[in-house]
Amino acid sequence: MHGEESLLQDIGLSIIFATVLSHIARVLKQPLILGYIIGGAMLGKEMGFGFVTNEASIELISEIGLILLLFIIGLEINLAELAKMGKAMFTLGILQFTLSVAFVYSVFPFFGLSIGSEKFDLLYIAVALSLSSTLIVVKLLQDKVEINTLSGKLTVGVLVFQDIWAILFMGVQPNLNNPEILKILTSVGIIVLLIAFSFSVSRYVLAKLYKACASSPELILLTSIMWCFLVCGIAGEAGLSKEMGALVAGMSIAAFPYGADVISKLIGIRDFFVTLFFVALGLKVPLPSLEVIGLSAAIIALMLFVRMITIAPVIIKLNKGVRNGFLTALNLAQISEFSLVILALGAGFEHITPKLQAVILTSTIIASVLSTYIIMFNHDIAATFERLLARVGISDQTEESSKDDKAGHGGHGDGMVRDIIVLGYFRIARAFVEYLEDLSPSLIKRIIIADYNPAFKEELTNKGFQWAYADLAHPDSLSHIGLHDASMVICTISDSFLKGTNNNRLLSTLSKLAPNAKIILTSDEPGEAKKLVSDGAQKVIVPGVITGEFLYDYISRGMRNNERVV
């Protein structure tokens, strides 16, 4: 009974400290994850008050949190969607991990650091530094509304491939001490059987269970967690890790239509276990010595360098854009929670030293906090790298697009005057393009759509529009798209989504570059819209106001006609 009371007390203290510290972090405009980790550190005996000293409790909290965390990560790995990403995504997913492991494994010994000398240390360091945090990245990109941008999709695609690589490595881990090809193939075979079993049961048994209890959210939640722990148990009995079983269980649900419904039911408990996971990380953090901090700094620097050289060049070579290459690399600049799982398993197999585990743990925590700031300012940092590459002739504005831009000063090479320029190809602009295709094809020949993402060029040119490279945050890039001859310039992106600038600065720049044009901007706030108009904008779109007017007209019209509003 005393042990149960101790566990309950430890969980309660973990939640209390995490909540208090995360509120402080919010007030100070710091990442909430920092609050969770500091809360755990304050509870531990190494750096805090020693309120939680039961090692068994700490391990249990961490394991429960990690298993459910990996289950939820598995739910977000949709293999069908991955297959739709095309050859470019597969190329990036394969090269990122293999090049990263090969580079770290080859280069790390030359650093002369006091870790990495044991038999498997180098291998574990290479794998750990090649994996990024799905949890942190997805959460931060969702908060920034960048998950559906091209760089966001590339980032998530790489994360999915990393998870698959991690699964494969976890499958062969038990046989590293005796790496016979037969044993490794046996492990891979067991993984394949586990995946086949899980997907079969999910399709033919779970589907019926979910359908039968569709009206009961409690049963859907319980059935999902039951499935998670069942597959964990089977994986453990088969000689694989329970964590790997949790991931496979999640993936087997995500592959079918009811996966989205299960995710929606699990969101309520996701943050609870995410909190416990990071608190448990904080609890495990030893009082760092100067040596450990120095080693961690070196490892983080190496990780950042490896992300840049194994991701950005590949994306640029695949013609996905310089900016997108650096954004994706920056988004992935952290060490994965998967790395901690792999290291923990490696410690159990006596593959690595405790010192290495402590250094990677410290590196992971520091990198997790640092990464939140990197993603927060990813566009500014990427723009800096982009300017540096532009000096040596590498940019998103290719020779072909430069010709298009030069042609933009009048006829554009096709005999048509393109005097309406749309800045940014985002939500409103995309809807505008669809309307033009249906209702006014002739107007298409007058429009240039300027955006920093070259991935849209083929799509727009096939529809008859002209695409031009432009980075709204940098006035120099706007001077080459024919603004001086424009009769109308439209920006359909509000300040909430503009990166590196705002509509006030944009209006000032456009007024100089397009002195004869009517300038139309977009704002989220009516008050800001009035200010933009007073400063010289011809018209300011306020999406919320337009939506409100539409709803009012629609409902009032139905009431006047005594119609049922549908």
# chains A, B, ... in the order shown; residues from 1 in each chain; ligands from 1

call {"tool": "select_by_dssp", "arguments": {"residues": "region 286-439 of chain A", "states": "alpha helix (DSSP H)", "output": "MDAnalysis selection string"}}
result
chainID A and resid 290:317 322:331 337:348 354:376 378:390 399:407 427:439

call {"tool": "residues_around", "arguments": {"residues": "Ala126 (chain A)", "least_positions_apart": "3", "cutoff": "6 Å", "atoms": "only C-alpha atoms", "output": "list of chain:residue names"}}
result
A:Val101, A:Val104, A:Tyr105, A:Leu123, A:Leu129

call {"tool": "residues_around", "arguments": {"residues": "Asn516 (chain A)", "least_positions_apart": "6", "cutoff": "9 Å", "atoms": "only C-alpha atoms", "output": "list in words"}}
result
His484, Asp485, Ala486, Ser487 and Met488 of chain A

call {"tool": "closest_residue", "arguments": {"among": "A:His474, A:Val341, A:Cys228, A:Val156", "to": "Gln142 (chain A)", "atoms": "only C-alpha atoms"}}
result
A:Val156

call {"tool": "select_by_dssp", "arguments": {"residues": "region 347-516 of chain A", "states": "strand (DSSP E)", "output": "VMD selection string"}}
result
chain A and resid 420 to 423 447 to 451 466 to 469 488 to 491
